[in-house]
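Printed here is entry25.csv (CSV, C-alpha atoms):
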```csv
chain,number,residue,atom,x,y,z
A,192,MET,CA,-5.6,-13.6,-22.8
A,193,SER,CA,-6.4,-12.2,-26.3
A,194,ARG,CA,-8.3,-9.0,-26.9
A,195,LYS,CA,-11.3,-11.2,-28.0
A,196,ASP,CA,-11.3,-13.0,-24.7
A,197,LEU,CA,-11.7,-9.9,-22.5
A,198,VAL,CA,-14.2,-10.1,-19.7
A,199,SER,CA,-17.1,-7.7,-20.3
A,200,ILE,CA,-18.0,-5.2,-17.5
A,201,ASN,CA,-20.8,-2.6,-17.1
A,202,PRO,CA,-20.2,1.1,-16.3
A,203,ASN,CA,-20.6,0.6,-12.5
A,204,GLU,CA,-18.0,-2.2,-12.6
A,205,LEU,CA,-15.8,-0.1,-14.7
A,206,LYS,CA,-15.6,2.6,-12.1
A,207,ASP,CA,-14.9,0.1,-9.4
A,208,PHE,CA,-12.1,-1.5,-11.5
A,209,LEU,CA,-10.5,1.9,-12.4
A,210,ASN,CA,-10.7,2.9,-8.7
A,211,HIS,CA,-8.7,-0.2,-7.8
A,212,ILE,CA,-6.2,0.5,-10.6
A,213,ILE,CA,-5.7,4.1,-9.3
A,214,SER,CA,-5.2,2.9,-5.7
A,215,ASN,CA,-2.8,0.2,-6.9
A,216,ASN,CA,-0.8,2.6,-9.0
A,217,ARG,CA,-0.4,4.8,-5.9
A,218,HIS,CA,1.0,1.9,-4.0
A,219,LEU,CA,3.3,0.9,-6.9
A,220,GLN,CA,4.8,4.4,-7.1
A,221,GLU,CA,5.2,4.6,-3.4
A,222,ASN,CA,7.4,1.5,-3.7
A,223,GLY,CA,9.4,2.9,-6.6
A,224,LYS,CA,7.6,0.9,-9.3
A,225,GLY,CA,5.9,2.1,-12.5
A,226,PRO,CA,2.1,2.6,-12.7
A,227,VAL,CA,-0.2,0.6,-15.0
A,228,ALA,CA,-2.2,2.1,-17.8
A,229,VAL,CA,-5.7,0.9,-18.8
A,230,GLU,CA,-7.5,0.7,-22.1
A,231,VAL,CA,-11.3,0.8,-22.1
A,232,ILE,CA,-12.8,-0.7,-25.2
A,233,GLY,CA,-16.4,-0.1,-26.0
A,234,GLU,CA,-18.9,0.8,-28.7
A,235,SER,CA,-19.5,4.5,-29.6
A,236,GLY,CA,-21.7,6.5,-27.2
A,237,ILE,CA,-21.7,3.8,-24.5
A,238,GLY,CA,-20.4,6.0,-21.8
A,239,LYS,CA,-16.6,5.3,-21.7
A,240,THR,CA,-15.5,8.9,-21.4
A,241,SER,CA,-18.4,10.1,-19.1
A,242,SER,CA,-17.7,7.2,-16.7
A,243,ILE,CA,-14.1,8.2,-16.4
A,244,VAL,CA,-15.0,11.9,-15.9
A,245,GLN,CA,-17.4,11.0,-13.2
A,246,LEU,CA,-14.8,8.9,-11.4
A,247,ALA,CA,-12.2,11.7,-11.5
A,248,ASP,CA,-14.8,14.0,-10.0
A,249,GLU,CA,-15.8,11.5,-7.3
A,250,LEU,CA,-12.2,10.9,-6.3
A,251,ASP,CA,-11.4,14.7,-6.5
A,252,LEU,CA,-8.6,14.0,-9.0
A,253,ASN,CA,-7.1,16.3,-11.6
A,254,PHE,CA,-8.4,15.4,-15.0
A,255,VAL,CA,-6.9,16.0,-18.5
A,256,LYS,CA,-8.6,14.8,-21.6
A,257,LEU,CA,-6.4,14.6,-24.6
A,258,ASN,CA,-7.9,13.7,-28.0
A,259,LEU,CA,-4.9,12.6,-30.1
A,260,ALA,CA,-6.9,12.6,-33.3
A,261,GLN,CA,-7.1,16.4,-32.9
A,262,ILE,CA,-3.4,16.9,-32.5
A,263,GLU,CA,-1.5,17.4,-35.8
A,264,GLU,CA,2.1,17.9,-34.6
A,265,ILE,CA,4.3,15.7,-32.5
A,266,GLY,CA,5.6,18.9,-31.0
A,267,ASP,CA,2.3,19.3,-29.2
A,268,LEU,CA,3.3,16.3,-27.1
A,269,VAL,CA,7.0,17.3,-26.7
A,270,GLY,CA,6.2,20.9,-25.6
A,271,PHE,CA,7.5,24.3,-26.6
A,272,PRO,CA,11.4,24.4,-27.2
A,273,ILE,CA,13.3,26.7,-24.8
A,274,ARG,CA,17.0,27.5,-24.4
A,275,GLN,CA,18.6,26.7,-21.0
A,276,PHE,CA,21.9,28.0,-19.6
A,277,GLU,CA,24.2,26.3,-17.1
A,278,VAL,CA,24.9,28.5,-14.1
A,279,THR,CA,26.9,28.0,-10.9
A,280,ASP,CA,27.3,29.8,-7.6
A,281,GLY,CA,30.6,28.0,-6.9
A,282,ALA,CA,29.0,25.2,-5.0
A,283,THR,CA,26.0,24.3,-7.1
A,284,VAL,CA,25.7,23.8,-10.9
A,285,LYS,CA,22.4,23.7,-12.6
A,286,TYR,CA,20.6,24.6,-15.8
A,287,VAL,CA,17.9,27.4,-15.8
A,288,ASP,CA,15.6,28.7,-18.5
A,289,GLU,CA,16.7,31.8,-20.4
A,290,SER,CA,13.9,33.8,-19.0
A,291,ALA,CA,15.1,33.0,-15.4
A,292,LEU,CA,18.8,34.1,-16.0
A,293,GLU,CA,18.4,37.6,-14.4
A,294,ASP,CA,16.7,36.2,-11.4
A,295,VAL,CA,19.4,33.6,-10.6
A,296,ARG,CA,22.1,36.3,-11.2
A,297,THR,CA,20.7,38.3,-8.4
A,298,GLU,CA,21.1,35.2,-6.2
A,299,GLY,CA,24.9,35.1,-7.0
A,300,TYR,CA,24.9,32.6,-9.9
A,301,LYS,CA,27.0,33.1,-13.0
A,302,THR,CA,26.8,31.4,-16.4
A,303,THR,CA,29.5,28.8,-17.3
A,304,GLY,CA,29.2,29.3,-21.0
A,305,LYS,CA,27.3,26.1,-21.6
A,306,ASN,CA,23.8,26.0,-22.9
A,307,ARG,CA,21.3,23.5,-24.3
A,308,MET,CA,17.9,23.2,-25.8
A,309,SER,CA,15.0,21.8,-23.8
A,310,TYR,CA,11.2,21.9,-23.8
A,311,CYS,CA,8.5,23.4,-21.7
A,312,PRO,CA,5.8,20.9,-20.6
A,313,PRO,CA,2.7,21.0,-22.9
A,314,GLU,CA,0.0,23.5,-21.8
A,315,TRP,CA,-2.4,20.7,-21.0
A,316,ILE,CA,-0.2,19.2,-18.3
A,317,SER,CA,1.9,22.2,-17.1
A,318,GLY,CA,1.3,23.2,-13.5
A,319,LYS,CA,-0.9,20.2,-12.7
A,320,GLU,CA,-0.6,19.0,-9.1
A,321,LYS,CA,-0.2,15.4,-7.9
A,322,GLY,CA,-3.1,13.0,-8.3
A,323,GLY,CA,-4.9,12.8,-11.6
A,324,ILE,CA,-6.1,11.0,-14.7
A,325,LEU,CA,-4.7,11.5,-18.2
A,326,LEU,CA,-7.4,10.4,-20.6
A,327,LEU,CA,-6.2,9.6,-24.2
A,328,ASP,CA,-9.6,9.7,-25.7
A,329,ASP,CA,-10.5,7.8,-29.0
A,330,TYR,CA,-6.8,6.6,-29.0
A,331,THR,CA,-6.9,4.4,-32.1
A,332,ARG,CA,-8.5,7.2,-34.2
A,333,ALA,CA,-5.2,9.2,-34.0
A,334,ASP,CA,-2.6,9.3,-36.7
A,335,PRO,CA,-0.3,6.2,-36.4
A,336,ARG,CA,2.7,8.6,-35.8
A,337,MET,CA,0.9,10.0,-32.7
A,338,ILE,CA,0.1,6.5,-31.5
A,339,GLN,CA,3.8,5.5,-31.9
A,340,ALA,CA,4.9,8.6,-30.1
A,341,CYS,CA,2.7,7.8,-27.1
A,342,MET,CA,4.1,4.3,-26.5
A,343,ASP,CA,6.8,5.5,-24.1
A,344,LEU,CA,4.3,7.9,-22.4
A,345,ILE,CA,2.0,5.0,-21.7
A,346,ASN,CA,4.8,2.8,-20.6
A,347,THR,CA,6.8,5.2,-18.4
A,348,GLN,CA,4.5,8.2,-17.9
A,349,GLU,CA,7.2,10.5,-19.4
A,350,TYR,CA,8.0,11.9,-22.9
A,351,ILE,CA,11.4,13.2,-23.8
A,352,SER,CA,11.6,16.3,-21.7
A,353,TRP,CA,8.7,16.0,-19.2
A,354,LYS,CA,6.9,13.5,-17.0
A,355,LEU,CA,3.6,13.2,-15.3
A,356,PRO,CA,3.5,14.0,-11.6
A,357,LYS,CA,3.2,11.1,-9.2
A,358,ASP,CA,-0.2,9.6,-8.5
A,359,TRP,CA,-1.4,9.9,-12.1
A,360,THR,CA,-3.0,7.1,-14.1
A,361,ILE,CA,-3.2,7.0,-17.9
A,362,ILE,CA,-6.5,5.7,-19.4
A,363,LEU,CA,-7.1,5.1,-23.1
A,364,THR,CA,-10.6,4.8,-24.7
A,365,THR,CA,-11.0,2.9,-28.0
A,366,ASN,CA,-13.7,1.5,-30.2
A,367,PRO,CA,-13.6,-2.2,-31.2
A,368,ASP,CA,-11.3,-3.0,-34.1
A,369,GLY,CA,-13.8,-5.2,-35.9
A,370,GLY,CA,-14.4,-3.4,-39.1
A,371,ASP,CA,-17.4,-1.2,-37.9
A,372,TYR,CA,-15.2,1.7,-36.9
A,373,HIS,CA,-12.5,3.7,-38.7
A,374,VAL,CA,-9.7,2.9,-36.3
A,375,ASN,CA,-6.0,2.0,-36.5
A,376,SER,CA,-5.1,-1.6,-35.4
A,377,MET,CA,-2.5,-2.0,-32.6
A,378,ASP,CA,0.2,-4.6,-32.6
A,379,VAL,CA,1.5,-6.7,-29.6
A,380,ALA,CA,4.2,-4.1,-28.9
A,381,GLN,CA,1.5,-1.6,-28.2
A,382,THR,CA,-1.2,-3.7,-26.5
A,383,THR,CA,1.2,-5.2,-24.0
A,384,ARG,CA,1.9,-1.7,-22.5
A,385,PHE,CA,-1.5,-1.6,-20.8
A,386,ILE,CA,-4.3,-3.8,-19.5
A,387,SER,CA,-7.6,-3.8,-21.3
A,388,CYS,CA,-11.3,-4.2,-20.3
A,389,ASP,CA,-14.4,-4.5,-22.5
A,390,LEU,CA,-17.2,-2.1,-21.6
A,391,LYS,CA,-20.7,-3.3,-22.5
A,392,PHE,CA,-24.1,-1.6,-22.4
A,393,ASP,CA,-26.2,-2.5,-19.3
A,394,VAL,CA,-29.7,-1.3,-19.4
A,395,ASP,CA,-30.1,-1.3,-15.6
A,396,CYS,CA,-27.0,0.8,-15.1
A,397,TRP,CA,-28.2,3.2,-17.8
A,398,ALA,CA,-31.7,3.4,-16.3
A,399,GLN,CA,-30.2,4.2,-12.9
A,400,TRP,CA,-28.1,7.0,-14.4
A,401,ALA,CA,-31.0,8.3,-16.5
A,402,GLU,CA,-33.2,8.6,-13.3
A,403,GLU,CA,-30.4,10.5,-11.6
A,404,THR,CA,-30.3,13.0,-14.5
A,405,ALA,CA,-34.0,13.5,-14.4
A,406,MET,CA,-34.6,12.0,-17.9
A,407,ASP,CA,-38.2,11.7,-18.9
A,408,GLY,CA,-39.6,8.5,-17.3
A,409,ARG,CA,-41.3,7.5,-20.5
A,410,CYS,CA,-38.0,7.2,-22.3
A,411,ILE,CA,-36.5,5.2,-19.5
A,412,ASN,CA,-39.4,2.8,-19.4
A,413,PHE,CA,-39.3,2.4,-23.2
A,414,ILE,CA,-35.6,1.5,-23.1
A,415,LEU,CA,-36.0,-0.9,-20.2
A,416,LYS,CA,-38.7,-2.7,-22.2
A,417,HIS,CA,-36.8,-2.6,-25.5
A,418,PRO,CA,-33.0,-2.7,-24.7
A,419,GLU,CA,-32.4,-4.1,-28.2
A,420,VAL,CA,-33.1,-0.6,-29.5
A,421,VAL,CA,-29.8,0.6,-28.0
A,422,THR,CA,-27.7,-2.5,-28.7
A,423,GLU,CA,-28.9,-3.0,-32.3
A,424,SER,CA,-30.2,0.2,-33.7
A,425,THR,CA,-28.5,3.2,-32.0
A,426,ASN,CA,-26.4,3.9,-28.8
A,427,PRO,CA,-27.0,5.4,-25.4
A,428,ARG,CA,-25.7,8.8,-26.4
A,429,ALA,CA,-28.3,9.1,-29.2
A,430,ILE,CA,-31.0,8.2,-26.8
A,431,THR,CA,-29.8,10.8,-24.3
A,432,THR,CA,-29.8,13.4,-27.0
A,433,PHE,CA,-33.3,12.4,-28.0
```
Serialized structure, structure tokens:
Amino acid sequence: MSRKDLVSINPNELKDFLNHIISNNRHLQENGKGPVAVEVIGESGIGKTSSIVQLADELDLNFVKLNLAQIEEIGDLVGFPIRQFEVTDGATVKYVDESALEDVRTEGYKTTGKNRMSYCPPEWISGKEKGGILLLDDYTRADPRMIQACMDLINTQEYISWKLPKDWTIILTTNPDGGDYHVNSMDVAQTTRFISCDLKFDVDCWAQWAEETAMDGRCINFILKHPEVVTESTNPRAITTF
């Protein structure tokens, strides 16, 4: 199936679909297999990010939003460089961070003379517990170097010196690559690393959400009567701001 042939889904269907993917990823990892990443394609302001945030909250999952377009250095993905030393207690040999040397010495460990450079996990993932969503927001607006650097992360959920905890799902959000947005095109080597879905505006889903947020009923009724205002002239985000 080409990207042009993707089946369109509305925001409610998107949450059901992602919920299924998260459950399936949990099953895959429990059986020693790699999880699946998802790309959500949709027009600007249609609710891609907000739907994913709501899902993470409903499922009580850790949530990390990473906007690659705002990251300037690959090092922000790799993590901060640290020096590690090999130590042994006669039975066990392991590497520890330089800052932990004194602690392990009190436990009877001695350095062997070997050392290496490693990296601390990035701040945005360090210390996160099991179960979560890593959202790579506006993915194709990032520098091409950053997109290339994320290929292994999307495919294996690890990057050079660190890996995501188990029970995490990677989700990308992108705008259509049809000339209306300033985005970078992806080749087959990139698009085959995840599955994609096409999010479309659904006036009934929007009206239900608007009522739940106590939006002025006059605005809701106007959009229900004239949905073309959203699809042709503006987007749901602008209507919400109004």
- Query: From the list A:Tyr372, A:Phe433, A:Trp397, A:Trp359, which residue is nearest Asn216 in chain A when using all atoms listed in the file?
  - Reply: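 Of A:Tyr372, A:Phe433, A:Trp397, A:Trp359, the one nearest Asn216 in chain A is A:Trp359, counting all atoms listed in the file.
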- Message: Nearest residue to Asn346 in chain A out of A:Trp400, A:Phe392, A:Phe385, A:Tyr286, using only C-alpha atoms?
- Response: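 The answer is A:Phe385, which sits nearest to Asn346 in chain A.
Nearest residue to Leu327 in chain A among A:Thr364, A:Glu249, A:Gly238, A:Ile414 is A:Thr364, counting all atoms listed in the file.
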- Task: Work out how far CA of Asp334 in chain A is from CA of Pro272 in chain A, in Å to one decimal.
- Result: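 Taking CA of Pro272 in chain A and CA of Asp334 in chain A, their separation equals 22.7 Å.
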- Task: For CA of Val229 in chain A and CA of Ile361 in chain A, determine how far apart the two atoms are, in Å to one decimal place.
- Result: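 If I compute the distance from CA of Val229 in chain A to CA of Ile361 in chain A, I get 6.7 Å.
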- Item | Long-range neighbours of Phe276 in chain A as a list in words, 9 Å cut-off, only C-alpha atoms, 3 positions minimum in chain |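 The residues that qualify are Lys285, Tyr286, Val287, Asp288, Glu289, Leu292, Thr302, Thr303, Gly304, Lys305, Asn306, Arg307 and Met308 of chain A.
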- Compare A:Met406, A:Ile430, A:Leu250, A:Ala260 by their minimum atom-to-atom distance to Ser214 in chain A, counting only C-alpha atoms, and give me the closest one. A:Leu250
- Note on the structure: With distances taken over only C-alpha atoms, the candidate from A:Lys391, A:Lys239, A:Lys416, A:Arg332 nearest Ser199 in chain A is A:Lys391
- Message: Counting only C-alpha atoms, which residue out of A:Ala228, A:Lys301, A:Thr432, A:Leu390 sits closest to Leu197 in chain A?
- Response: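 Nearest to Leu197 in chain A: A:Leu390.
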- Extract, using only C-alpha atoms, all DNA, RNA and protein residues at most 10 Å from Met377 in chain A, discarding same-chain residues fewer than 2 positions from it, and format them as a PyMOL selection string. chain A and resi 331+335+338-339+368+374-375+379-383
Can you rebuild range 364-375 of chain A with all heavy atoms and give it as a PDB file, in the coordinates of the input?
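And here is the file that came out, rebuild.pdb:
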```
ATOM      1  N   THR A 364      -9.259   5.271 -24.242  1.00  0.00           N
ATOM      2  CA  THR A 364     -10.600   4.800 -24.700  1.00  0.00           C
ATOM      3  C   THR A 364     -10.450   4.461 -26.182  1.00  0.00           C
ATOM      4  O   THR A 364      -9.847   5.233 -26.950  1.00  0.00           O
ATOM      5  CB  THR A 364     -11.689   5.778 -24.458  1.00  0.00           C
ATOM      6  OG1 THR A 364     -11.447   6.986 -25.185  1.00  0.00           O
ATOM      7  CG2 THR A 364     -11.845   6.087 -22.975  1.00  0.00           C
ATOM      8  N   THR A 365     -11.024   3.323 -26.583  1.00  0.00           N
ATOM      9  CA  THR A 365     -11.000   2.900 -28.000  1.00  0.00           C
ATOM     10  C   THR A 365     -12.295   2.265 -28.378  1.00  0.00           C
ATOM     11  O   THR A 365     -13.060   1.794 -27.528  1.00  0.00           O
ATOM     12  CB  THR A 365      -9.834   1.896 -28.240  1.00  0.00           C
ATOM     13  OG1 THR A 365     -10.085   0.699 -27.484  1.00  0.00           O
ATOM     14  CG2 THR A 365      -8.486   2.464 -27.839  1.00  0.00           C
ATOM     15  N   ASN A 366     -12.545   2.233 -29.686  1.00  0.00           N
ATOM     16  CA  ASN A 366     -13.700   1.500 -30.200  1.00  0.00           C
ATOM     17  C   ASN A 366     -13.161   0.111 -30.695  1.00  0.00           C
ATOM     18  O   ASN A 366     -11.977  -0.043 -30.987  1.00  0.00           O
ATOM     19  CB  ASN A 366     -14.285   2.216 -31.433  1.00  0.00           C
ATOM     20  CG  ASN A 366     -14.928   3.533 -31.052  1.00  0.00           C
ATOM     21  OD1 ASN A 366     -14.662   4.556 -31.672  1.00  0.00           O
ATOM     22  ND2 ASN A 366     -15.776   3.523 -30.043  1.00  0.00           N
ATOM     23  N   PRO A 367     -14.045  -0.883 -30.742  1.00  0.00           N
ATOM     24  CA  PRO A 367     -13.600  -2.200 -31.200  1.00  0.00           C
ATOM     25  C   PRO A 367     -13.020  -2.185 -32.580  1.00  0.00           C
ATOM     26  O   PRO A 367     -13.510  -1.475 -33.461  1.00  0.00           O
ATOM     27  CB  PRO A 367     -14.920  -3.027 -31.152  1.00  0.00           C
ATOM     28  CG  PRO A 367     -15.809  -2.297 -30.197  1.00  0.00           C
ATOM     29  CD  PRO A 367     -15.469  -0.844 -30.372  1.00  0.00           C
ATOM     30  N   ASP A 368     -11.970  -2.960 -32.766  1.00  0.00           N
ATOM     31  CA  ASP A 368     -11.300  -3.000 -34.100  1.00  0.00           C
ATOM     32  C   ASP A 368     -11.853  -4.235 -34.826  1.00  0.00           C
ATOM     33  O   ASP A 368     -11.167  -5.220 -35.067  1.00  0.00           O
ATOM     34  CB  ASP A 368      -9.783  -3.185 -33.840  1.00  0.00           C
ATOM     35  CG  ASP A 368      -9.013  -3.154 -35.157  1.00  0.00           C
ATOM     36  OD1 ASP A 368      -9.619  -2.808 -36.186  1.00  0.00           O
ATOM     37  OD2 ASP A 368      -7.812  -3.493 -35.145  1.00  0.00           O
ATOM     38  N   GLY A 369     -13.136  -4.114 -35.204  1.00  0.00           N
ATOM     39  CA  GLY A 369     -13.800  -5.200 -35.900  1.00  0.00           C
ATOM     40  C   GLY A 369     -14.330  -4.917 -37.238  1.00  0.00           C
ATOM     41  O   GLY A 369     -15.091  -5.688 -37.812  1.00  0.00           O
ATOM     42  N   GLY A 370     -13.990  -3.748 -37.774  1.00  0.00           N
ATOM     43  CA  GLY A 370     -14.400  -3.400 -39.100  1.00  0.00           C
ATOM     44  C   GLY A 370     -15.589  -2.394 -39.130  1.00  0.00           C
ATOM     45  O   GLY A 370     -15.904  -1.835 -40.182  1.00  0.00           O
ATOM     46  N   ASP A 371     -16.232  -2.184 -37.988  1.00  0.00           N
ATOM     47  CA  ASP A 371     -17.400  -1.200 -37.900  1.00  0.00           C
ATOM     48  C   ASP A 371     -16.925   0.187 -37.679  1.00  0.00           C
ATOM     49  O   ASP A 371     -17.726   1.112 -37.807  1.00  0.00           O
ATOM     50  CB  ASP A 371     -18.358  -1.677 -36.866  1.00  0.00           C
ATOM     51  CG  ASP A 371     -19.024  -3.014 -37.186  1.00  0.00           C
ATOM     52  OD1 ASP A 371     -19.195  -3.294 -38.384  1.00  0.00           O
ATOM     53  OD2 ASP A 371     -19.358  -3.750 -36.239  1.00  0.00           O
ATOM     54  N   TYR A 372     -15.671   0.374 -37.259  1.00  0.00           N
ATOM     55  CA  TYR A 372     -15.200   1.700 -36.900  1.00  0.00           C
ATOM     56  C   TYR A 372     -13.897   1.991 -37.736  1.00  0.00           C
ATOM     57  O   TYR A 372     -13.132   1.077 -38.059  1.00  0.00           O
ATOM     58  CB  TYR A 372     -14.844   1.806 -35.431  1.00  0.00           C
ATOM     59  CG  TYR A 372     -16.053   1.711 -34.543  1.00  0.00           C
ATOM     60  CD1 TYR A 372     -16.427   0.481 -33.995  1.00  0.00           C
ATOM     61  CD2 TYR A 372     -16.821   2.825 -34.236  1.00  0.00           C
ATOM     62  CE1 TYR A 372     -17.536   0.373 -33.177  1.00  0.00           C
ATOM     63  CE2 TYR A 372     -17.924   2.725 -33.411  1.00  0.00           C
ATOM     64  CZ  TYR A 372     -18.283   1.499 -32.884  1.00  0.00           C
ATOM     65  OH  TYR A 372     -19.386   1.394 -32.076  1.00  0.00           O
ATOM     66  N   HIS A 373     -13.695   3.273 -38.026  1.00  0.00           N
ATOM     67  CA  HIS A 373     -12.500   3.700 -38.700  1.00  0.00           C
ATOM     68  C   HIS A 373     -11.390   3.934 -37.705  1.00  0.00           C
ATOM     69  O   HIS A 373     -11.163   5.051 -37.252  1.00  0.00           O
ATOM     70  CB  HIS A 373     -12.766   4.971 -39.532  1.00  0.00           C
ATOM     71  CG  HIS A 373     -11.606   5.423 -40.360  1.00  0.00           C
ATOM     72  ND1 HIS A 373     -11.054   4.661 -41.363  1.00  0.00           N
ATOM     73  CD2 HIS A 373     -10.879   6.566 -40.328  1.00  0.00           C
ATOM     74  CE1 HIS A 373     -10.045   5.303 -41.907  1.00  0.00           C
ATOM     75  NE2 HIS A 373      -9.912   6.468 -41.286  1.00  0.00           N
ATOM     76  N   VAL A 374     -10.718   2.858 -37.312  1.00  0.00           N
ATOM     77  CA  VAL A 374      -9.700   2.900 -36.300  1.00  0.00           C
ATOM     78  C   VAL A 374      -8.418   2.244 -36.800  1.00  0.00           C
ATOM     79  O   VAL A 374      -8.451   1.443 -37.738  1.00  0.00           O
ATOM     80  CB  VAL A 374     -10.134   2.253 -34.975  1.00  0.00           C
ATOM     81  CG1 VAL A 374     -11.323   2.992 -34.383  1.00  0.00           C
ATOM     82  CG2 VAL A 374     -10.470   0.784 -35.200  1.00  0.00           C
ATOM     83  N   ASN A 375      -7.302   2.574 -36.150  1.00  0.00           N
ATOM     84  CA  ASN A 375      -6.000   2.000 -36.500  1.00  0.00           C
ATOM     85  C   ASN A 375      -5.798   0.742 -35.579  1.00  0.00           C
ATOM     86  O   ASN A 375      -6.033   0.804 -34.369  1.00  0.00           O
ATOM     87  CB  ASN A 375      -4.873   2.954 -36.282  1.00  0.00           C
ATOM     88  CG  ASN A 375      -4.948   4.101 -37.270  1.00  0.00           C
ATOM     89  OD1 ASN A 375      -4.888   3.898 -38.479  1.00  0.00           O
ATOM     90  ND2 ASN A 375      -5.099   5.321 -36.761  1.00  0.00           N
TER      91      ASN A 375
END
```
